[in-house]
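Before any comments, here is the structure.
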Amino acid sequence: MRSALGMMMLLWCVISPLSAATLIVDRVDDDPAATACTAAPDDCSLRGATIAANAAAGTDTIVLSAATYDLTVAGELEDLSATGDLDITDDLIIQGAGSDLSIIDGGDLDRVLHVPAFYITLDITDLTIRNGRAESNGGGGGLRGDHLTLTMTNVVVKENEAHNEAFSTGSGGGLNIRHGSAALTNCTFCDNFSEEAGGGGISALYLTSFTVDQSTVCRNDGGGIYYQSTNGPANITDTIFDGNIATTTYDGGGLLLSGATEVTITRCDFIHNRAMWGAGISVRNSNSVDIIDSTIDANGGTDGEPNTPFSTHRGGGIYVYSGALTITASTISANGAYSGGGIYLTEGSPSITVLNSTISGNSADTSGGGVFVEVGDVTINNTTVTGNRATAIEGYNGDGGGWRHDHDSQRDPRREH
Ligand SMILES: [Ca+2]
Ligand SMILES: [Ca+2]
Ligand SMILES: [Ca+2]
Ligand SMILES: [Ca+2]
């Protein structure tokens with residue numbers, strides 16, 4: 001007969017979770033059979049470790065060396081890590097040796113990482129995800145997940161592609177996450193591509209929390225970040241959006257907010273981004289958007305060919321279609337567009353408040369060098385508007401060098417005045 005202590009120990013063993021394993025990857029090939037991951041050498045590939053971590057209950061940790069791990073087993077539309085993308089179906093930590101030292105390379109065969117199961121927690125640290133390619137299967141060339149609790153720290157996501165995704169869902173060349181949350185710290189999302197749906201770097205939809213801190217979003221084609229959520233706050237801090245272009249969506253070169261609330265952008269730089277509307281930032285149907293201590297400089301510009309992403313039609317710095325935006329202690333400078341070089345407010349009757357800021361050196365080829373208010377309300381306080389220009393190109397008047405204001409939202413927008 002067992003003692004009471006023995007029974008308690010037995011019970012403890014039954015109800016306690018299995019101890020999570022640390023799976024040390026010790027070979028760089030892509031063999032799905034290398035799942036043992038024991039102390040013996042050469043028995044643990046990254047794909048094998050992923051399969052083993054999925055099979056064992058608990059939050060396992062996969063540890064990578066300073067090496068390049070090429071994914072070479074072709075076969076997309078597969079969700080058990082046997083082929084194509086590495087599919088993660090259980091809570092997992094992936095720990096690299098350094099963001100530029102441990103590299104997972106998708107070889108353009110499929111996306112790199114996929115979380116096909118819901119309500120997974122995934123923590124990725126100190127590695128690079130590159131050369132993923134999502135082809136008609138949900139976007140997210142680097143990483144794709146729904147209802148995912150994602151933490152990425154010191155991670156580079158570059159040169160991934162997403163193709164043929166419907167506009168309504170967003171595509172996300174580097175990262176596509178829907179529902180759940182994402183916390184991205186000291187990450188780099190650069191040189192990714194989204195063919196149709198936006199979010200060349202990141203597409204983040206319906207999240208309960210979205211934080212981007214001390215990160216770089218650069219040279220993504222399809223726009224830098226596409227964000228849509230009314231489920232919780234987004235905080236983007238100390239992050240640089242540089243050289244992104246919205247070639248496919250035409251909207252929001254650096255950042256596209258569409259149907260978002262509680263978005264706070266603090267100490268960020270938006271520079272050299274391009275789009276047809278809102279080369280730096282585009283705001284559509286989004287409320288409680290705050291831009292604080294930020295710089296929006298040298299975005300947009302025109303090249304004599306209107307209505308291309310390389311030649312900004314409206315809103316070199318910021319385009320606001322609808323919603324409410326507050327800009328505080330920020331600089332909007334040297335941006336260019338055909339209309340509204342710095343800021344353009346249009347037909348959804350947005351309202352913006354500009355406090356303690358500078359709007360300078362912006363230019364329009366037609367009207368509203370600094371600000372063009374087609375329809376909407378502007379409250380401006382303690383702000384410098386200086387050195388902006390509206391030049392007349394052929395067939396247009398150049399008016400409102402600093403400011404052109406056509407209609408307040410309360411007025412009949414059809415009335416000329
Ligand atoms: Ca081993
Ligand atoms: Ca596990
Ligand atoms: Ca998959
Ligand atoms: Ca797969």
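If you're wondering about the labels, chains in the structure tokens are A, B, ... by order shown, residues count from 1 in each chain, ligands from 1 in order shown.
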Inset, instruction - Could the residues that lie within 8 Å of ligand 1, counting only C-alpha atoms and all ligand atoms, be listed as a list in words? - result: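 Checking only C-alpha atoms and all ligand atoms against ligand 1 at 8 Å gives Ile24, Val25, Asp26, Ala36, Cys37, Thr38, Ala39, Ala40, Pro41, Asp42, Asp43 and Cys44 of chain A.
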Inset, instruction - Using only C-alpha atoms and all ligand atoms, find each residue with an atom at most 8 Å away from ligand 2 and format the answer as a list in words. - result: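 Listing the residues within 8 Å of ligand 2 gives Ala20, Ala21, Ala52, Ala53, Asn54, Ala55, Ala56, Ala57, Gly58, Thr59, Asp60, Asp90, Asp91 and Leu92 of chain A.
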Would you put the residues from that selection into a file with C-alpha atoms, as a PDB file, in the first residue's frame?
```
ATOM      1  CA  ALA A  20       9.702  21.243 -21.542  1.00  0.00           C
ATOM      2  CA  ALA A  21      12.714  20.162 -23.512  1.00  0.00           C
ATOM      3  CA  ALA A  52       9.722  16.969 -32.026  1.00  0.00           C
ATOM      4  CA  ALA A  53       8.654  20.175 -30.259  1.00  0.00           C
ATOM      5  CA  ASN A  54       5.170  19.912 -31.737  1.00  0.00           C
ATOM      6  CA  ALA A  55       4.870  16.285 -30.619  1.00  0.00           C
ATOM      7  CA  ALA A  56       5.931  16.911 -27.016  1.00  0.00           C
ATOM      8  CA  ALA A  57       3.508  18.814 -24.809  1.00  0.00           C
ATOM      9  CA  GLY A  58       4.828  21.994 -23.269  1.00  0.00           C
ATOM     10  CA  THR A  59       6.818  25.012 -24.335  1.00  0.00           C
ATOM     11  CA  ASP A  60       9.993  23.546 -25.767  1.00  0.00           C
ATOM     12  CA  ASP A  90       2.539  23.953 -29.911  1.00  0.00           C
ATOM     13  CA  ASP A  91       3.920  26.754 -27.747  1.00  0.00           C
ATOM     14  CA  LEU A  92       7.537  27.272 -28.694  1.00  0.00           C
TER      15      LEU A  92
END
```
Inset, instruction - Check which residues fall inside 7 Å of ligand 3 when counting only C-alpha atoms and all ligand atoms, and print them as a PyMOL selection string. - result: chain A and resi 76-79+84-87+114+116
Inset, instruction - Could you tell me which of A:Pro32, A:Gly107, A:Gly199, A:Gly315 comes closest to A:Ser81 if we count only C-alpha atoms? - result: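 Closest to A:Ser81 of all the choices is A:Pro32.
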Legend entry - Residue contacts of A:Ala34 (9 Å, only C-alpha atoms) excluding same-chain residues fewer than 4 positions away, as a PyMOL selection string: chain A and resi 27+30+42-49
Legend entry - All strand (DSSP E) positions in stretch 18-238 of chain A, as a PyMOL selection string: chain A and resi 22-24+60-63+68-70+86-87+92-95+103-105+113-115+121-130+133-135+143-158+161-163+175-185+188-190+193-194+202-205+209-213+216-218+225-229+234-237
Legend entry - For atom CA of A:Thr208 and atom CA of A:Phe241, the interatomic separation in Å (one decimal):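 Going from atom CA of A:Thr208 over to atom CA of A:Phe241 covers 22.8 Å.
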Legend entry - Shell of 10 Å around stretch 250-253 of chain A, only C-alpha atoms, local chain residues under 5 positions omitted, as a PyMOL selection string: chain A and resi 198-200+219-226+241-245+258+270-284+299-300+307-310+312-319
The selected residues should be written to file as a PDB file, in the first residue's frame (atoms: C-alpha atoms).
```
ATOM      1  CA  GLY A 198      -0.380  45.732 -48.555  1.00  0.00           C
ATOM      2  CA  GLY A 199       1.953  45.407 -45.637  1.00  0.00           C
ATOM      3  CA  GLY A 200       5.114  44.726 -47.546  1.00  0.00           C
ATOM      4  CA  ARG A 219      12.660  49.296 -48.250  1.00  0.00           C
ATOM      5  CA  ASN A 220       9.614  47.078 -48.132  1.00  0.00           C
ATOM      6  CA  ASP A 221       7.631  46.982 -51.367  1.00  0.00           C
ATOM      7  CA  GLY A 222       3.899  47.059 -50.701  1.00  0.00           C
ATOM      8  CA  GLY A 223       4.263  49.532 -47.836  1.00  0.00           C
ATOM      9  CA  GLY A 224       6.018  49.241 -44.500  1.00  0.00           C
ATOM     10  CA  ILE A 225       3.254  48.248 -42.064  1.00  0.00           C
ATOM     11  CA  TYR A 226      -0.447  47.718 -42.708  1.00  0.00           C
ATOM     12  CA  PHE A 241      10.280  53.733 -41.414  1.00  0.00           C
ATOM     13  CA  ASP A 242      12.718  54.358 -44.245  1.00  0.00           C
ATOM     14  CA  GLY A 243      12.360  53.940 -47.985  1.00  0.00           C
ATOM     15  CA  ASN A 244       9.220  51.842 -48.091  1.00  0.00           C
ATOM     16  CA  ILE A 245       6.987  52.078 -51.139  1.00  0.00           C
ATOM     17  CA  SER A 258      -7.157  51.422 -41.952  1.00  0.00           C
ATOM     18  CA  PHE A 270       9.286  58.376 -41.380  1.00  0.00           C
ATOM     19  CA  ILE A 271      11.730  59.209 -44.143  1.00  0.00           C
ATOM     20  CA  HIS A 272      11.956  58.614 -47.899  1.00  0.00           C
ATOM     21  CA  ASN A 273       8.757  56.580 -48.121  1.00  0.00           C
ATOM     22  CA  ARG A 274       6.612  56.717 -51.255  1.00  0.00           C
ATOM     23  CA  ALA A 275       2.997  56.094 -52.215  1.00  0.00           C
ATOM     24  CA  MET A 276       0.301  57.644 -54.339  1.00  0.00           C
ATOM     25  CA  TRP A 277      -1.624  58.689 -51.227  1.00  0.00           C
ATOM     26  CA  GLY A 278       0.115  59.256 -47.920  1.00  0.00           C
ATOM     27  CA  ALA A 279       3.723  58.584 -48.747  1.00  0.00           C
ATOM     28  CA  GLY A 280       4.695  58.709 -45.074  1.00  0.00           C
ATOM     29  CA  ILE A 281       1.451  57.721 -43.341  1.00  0.00           C
ATOM     30  CA  SER A 282      -2.099  57.118 -44.572  1.00  0.00           C
ATOM     31  CA  VAL A 283      -5.001  57.211 -42.122  1.00  0.00           C
ATOM     32  CA  ARG A 284      -8.388  55.805 -43.105  1.00  0.00           C
ATOM     33  CA  ASN A 299       8.533  61.453 -48.087  1.00  0.00           C
ATOM     34  CA  GLY A 300       6.697  61.461 -51.396  1.00  0.00           C
ATOM     35  CA  ASN A 307      -0.897  58.722 -60.328  1.00  0.00           C
ATOM     36  CA  THR A 308       1.961  56.340 -59.848  1.00  0.00           C
ATOM     37  CA  PRO A 309       3.343  55.195 -56.508  1.00  0.00           C
ATOM     38  CA  PHE A 310       6.572  56.910 -57.372  1.00  0.00           C
ATOM     39  CA  THR A 312       2.633  61.188 -54.736  1.00  0.00           C
ATOM     40  CA  HIS A 313      -0.787  62.497 -55.646  1.00  0.00           C
ATOM     41  CA  ARG A 314      -2.017  63.591 -52.227  1.00  0.00           C
ATOM     42  CA  GLY A 315      -0.305  63.830 -48.873  1.00  0.00           C
ATOM     43  CA  GLY A 316       3.455  63.634 -49.143  1.00  0.00           C
ATOM     44  CA  GLY A 317       3.779  63.407 -45.378  1.00  0.00           C
ATOM     45  CA  ILE A 318       0.355  62.337 -44.146  1.00  0.00           C
ATOM     46  CA  TYR A 319      -2.905  61.583 -45.946  1.00  0.00           C
TER      47      TYR A 319
END
```
Legend entry - Spatial neighbours of A:Ala66, max dist 8 Å, only C-alpha atoms, sep filter under 5 positions, as a PyMOL selection string: chain A and resi 96-98+101-103
Restrict the selected residues to N, CA and C atoms and save them as a compact mmCIF listing (two decimals), in the first residue's frame.
```
# COMPACT_ATOMS: atom_id res chain seq x y z
N GLY A 96 18.09 31.91 -31.33
CA GLY A 96 19.27 31.92 -32.18
C GLY A 96 20.49 32.41 -31.42
N ALA A 97 21.61 32.50 -32.14
CA ALA A 97 22.87 32.93 -31.53
C ALA A 97 23.16 34.39 -31.80
N GLY A 98 22.30 35.05 -32.57
CA GLY A 98 22.50 36.45 -32.92
C GLY A 98 21.70 36.75 -34.17
N LEU A 101 23.62 36.05 -37.13
CA LEU A 101 24.45 34.84 -37.07
C LEU A 101 23.65 33.57 -37.35
N SER A 102 22.46 33.49 -36.82
CA SER A 102 21.61 32.32 -37.05
C SER A 102 20.56 32.70 -38.09
N ILE A 103 20.60 32.02 -39.23
CA ILE A 103 19.76 32.42 -40.37
C ILE A 103 18.91 31.23 -40.81
```
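Closest approach to ligand 4 among A:Ile352, A:Val28, A:Ile88, A:Leu205: A:Ile88, based on only C-alpha atoms and all ligand atoms.
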Inset, instruction - Write out as a ChimeraX atom specification the residues lying within 12 Å of A:Val156, counting only C-alpha atoms and excluding same-chain residues fewer than 5 positions away. - result: /A:96,98-105,124-131,142-143,174-175,184-192,201,215-218
Selection export as an mmCIF file, in the first residue's frame, atoms kept: N, CA and C atoms:
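Ended up saving to part.cif:
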```
data_model
loop_
_atom_site.group_PDB
_atom_site.id
_atom_site.type_symbol
_atom_site.label_atom_id
_atom_site.label_comp_id
_atom_site.auth_asym_id
_atom_site.auth_seq_id
_atom_site.Cartn_x
_atom_site.Cartn_y
_atom_site.Cartn_z
ATOM 1 N N GLY A 96 18.085 31.913 -31.332
ATOM 2 C CA GLY A 96 19.274 31.923 -32.177
ATOM 3 C C GLY A 96 20.488 32.412 -31.420
ATOM 4 N N GLY A 98 22.297 35.046 -32.567
ATOM 5 C CA GLY A 98 22.499 36.453 -32.923
ATOM 6 C C GLY A 98 21.697 36.749 -34.174
ATOM 7 N N SER A 99 21.171 37.969 -34.266
ATOM 8 C CA SER A 99 20.244 38.250 -35.358
ATOM 9 C C SER A 99 20.887 38.074 -36.728
ATOM 10 N N ASP A 100 22.193 38.308 -36.826
ATOM 11 C CA ASP A 100 22.857 38.133 -38.120
ATOM 12 C C ASP A 100 23.724 36.871 -38.155
ATOM 13 N N LEU A 101 23.617 36.050 -37.133
ATOM 14 C CA LEU A 101 24.446 34.838 -37.067
ATOM 15 C C LEU A 101 23.654 33.574 -37.349
ATOM 16 N N SER A 102 22.456 33.492 -36.824
ATOM 17 C CA SER A 102 21.612 32.323 -37.053
ATOM 18 C C SER A 102 20.560 32.699 -38.094
ATOM 19 N N ILE A 103 20.600 32.025 -39.227
ATOM 20 C CA ILE A 103 19.763 32.423 -40.366
ATOM 21 C C ILE A 103 18.906 31.233 -40.807
ATOM 22 N N ILE A 104 17.607 31.438 -40.835
ATOM 23 C CA ILE A 104 16.703 30.443 -41.417
ATOM 24 C C ILE A 104 16.315 30.956 -42.798
ATOM 25 N N ASP A 105 16.691 30.198 -43.822
ATOM 26 C CA ASP A 105 16.533 30.645 -45.205
ATOM 27 C C ASP A 105 15.512 29.755 -45.903
ATOM 28 N N ILE A 124 10.474 34.280 -30.495
ATOM 29 C CA ILE A 124 11.614 34.140 -31.401
ATOM 30 C C ILE A 124 12.656 35.204 -31.049
ATOM 31 N N THR A 125 13.914 34.770 -30.894
ATOM 32 C CA THR A 125 14.964 35.686 -30.441
ATOM 33 C C THR A 125 16.258 35.455 -31.218
ATOM 34 N N ASP A 126 16.916 36.540 -31.585
ATOM 35 C CA ASP A 126 18.300 36.507 -32.059
ATOM 36 C C ASP A 126 18.517 35.645 -33.299
ATOM 37 N N LEU A 127 17.740 35.905 -34.343
ATOM 38 C CA LEU A 127 17.967 35.181 -35.592
ATOM 39 C C LEU A 127 17.404 35.975 -36.776
ATOM 40 N N THR A 128 17.703 35.463 -37.977
ATOM 41 C CA THR A 128 17.194 36.051 -39.224
ATOM 42 C C THR A 128 16.242 35.072 -39.903
ATOM 43 N N ILE A 129 15.150 35.615 -40.434
ATOM 44 C CA ILE A 129 14.205 34.847 -41.248
ATOM 45 C C ILE A 129 14.232 35.472 -42.639
ATOM 46 N N ARG A 130 14.643 34.698 -43.644
ATOM 47 C CA ARG A 130 14.787 35.317 -44.972
ATOM 48 C C ARG A 130 14.388 34.358 -46.096
ATOM 49 N N ASN A 131 14.118 34.976 -47.240
ATOM 50 C CA ASN A 131 13.840 34.230 -48.473
ATOM 51 C C ASN A 131 12.654 33.289 -48.364
ATOM 52 N N GLY A 142 7.565 35.546 -44.446
ATOM 53 C CA GLY A 142 8.479 35.150 -43.372
ATOM 54 C C GLY A 142 7.781 34.331 -42.305
ATOM 55 N N LEU A 143 6.632 34.828 -41.849
ATOM 56 C CA LEU A 143 5.906 34.189 -40.752
ATOM 57 C C LEU A 143 4.426 34.502 -40.884
ATOM 58 N N GLY A 174 6.753 40.199 -44.967
ATOM 59 C CA GLY A 174 7.581 39.670 -43.890
ATOM 60 C C GLY A 174 6.773 38.900 -42.856
ATOM 61 N N LEU A 175 5.724 39.551 -42.343
ATOM 62 C CA LEU A 175 4.915 38.975 -41.262
ATOM 63 C C LEU A 175 3.444 39.229 -41.555
ATOM 64 N N LEU A 184 7.156 43.321 -30.905
ATOM 65 C CA LEU A 184 8.373 43.275 -31.719
ATOM 66 C C LEU A 184 9.361 44.292 -31.168
ATOM 67 N N THR A 185 10.517 43.807 -30.678
ATOM 68 C CA THR A 185 11.507 44.685 -30.066
ATOM 69 C C THR A 185 12.849 44.513 -30.755
ATOM 70 N N ASN A 186 13.440 45.633 -31.125
ATOM 71 C CA ASN A 186 14.746 45.620 -31.786
ATOM 72 C C ASN A 186 14.753 44.679 -32.995
ATOM 73 N N CYS A 187 13.703 44.759 -33.776
ATOM 74 C CA CYS A 187 13.589 43.922 -34.967
ATOM 75 C C CYS A 187 13.807 44.755 -36.232
ATOM 76 N N THR A 188 14.160 44.081 -37.298
ATOM 77 C CA THR A 188 14.347 44.713 -38.591
ATOM 78 C C THR A 188 13.466 44.010 -39.613
ATOM 79 N N PHE A 189 12.589 44.767 -40.244
ATOM 80 C CA PHE A 189 11.769 44.243 -41.336
ATOM 81 C C PHE A 189 12.138 45.042 -42.582
ATOM 82 N N CYS A 190 12.982 44.458 -43.425
ATOM 83 C CA CYS A 190 13.460 45.201 -44.586
ATOM 84 C C CYS A 190 13.450 44.333 -45.843
ATOM 85 N N ASP A 191 13.218 44.996 -46.983
ATOM 86 C CA ASP A 191 13.340 44.364 -48.296
ATOM 87 C C ASP A 191 12.373 43.198 -48.484
ATOM 88 N N ASN A 192 11.234 43.275 -47.833
ATOM 89 C CA ASN A 192 10.183 42.291 -48.073
ATOM 90 C C ASN A 192 9.213 42.830 -49.122
ATOM 91 N N GLY A 201 6.149 44.949 -45.359
ATOM 92 C CA GLY A 201 6.909 44.463 -44.204
ATOM 93 C C GLY A 201 6.044 43.636 -43.276
ATOM 94 N N SER A 215 12.748 49.464 -33.582
ATOM 95 C CA SER A 215 12.856 48.607 -34.756
ATOM 96 C C SER A 215 13.031 49.433 -36.024
ATOM 97 N N THR A 216 13.342 48.728 -37.109
ATOM 98 C CA THR A 216 13.532 49.370 -38.406
ATOM 99 C C THR A 216 12.649 48.684 -39.434
ATOM 100 N N VAL A 217 11.906 49.500 -40.183
ATOM 101 C CA VAL A 217 11.033 48.994 -41.246
ATOM 102 C C VAL A 217 11.489 49.694 -42.517
ATOM 103 N N CYS A 218 12.196 48.974 -43.383
ATOM 104 C CA CYS A 218 12.841 49.687 -44.498
ATOM 105 C C CYS A 218 12.729 48.952 -45.823
#
```
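Each of A:Thr261, A:Asn382, A:Thr266, A:Ser357 was checked against A:Asp238 using only C-alpha atoms; the smallest atom-to-atom distance is that of A:Thr266.
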Inset, instruction - For stretch 386-389 of chain A, please output as a VMD selection string all residues within 6 Å (counting only C-alpha atoms; exclusion window: fewer than 6 positions along the same chain). - result: chain A and resid 360 to 363 369 to 370 401 to 402
For the selection you just gave me, I'd like the residues written to a file as a CSV table (one decimal), in the first residue's frame, keeping C-alpha atoms.
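In the end it all went to selection_17.csv:
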```csv
chain,number,residue,atom,x,y,z
A,360,SER,CA,8.1,73.4,-43.0
A,361,GLY,CA,9.7,73.1,-46.3
A,362,ASN,CA,7.0,70.9,-47.8
A,363,SER,CA,6.0,71.4,-51.4
A,369,GLY,CA,2.3,73.1,-50.0
A,370,GLY,CA,2.1,72.6,-46.2
A,401,GLY,CA,1.8,77.8,-50.3
A,402,GLY,CA,1.5,77.2,-46.6
```
Inset, instruction - Considering only C-alpha atoms, state which residue in the set A:Thr68, A:Thr149, A:Ile51, A:Val63 is at the smallest distance from A:Thr83. - result: A:Ile51
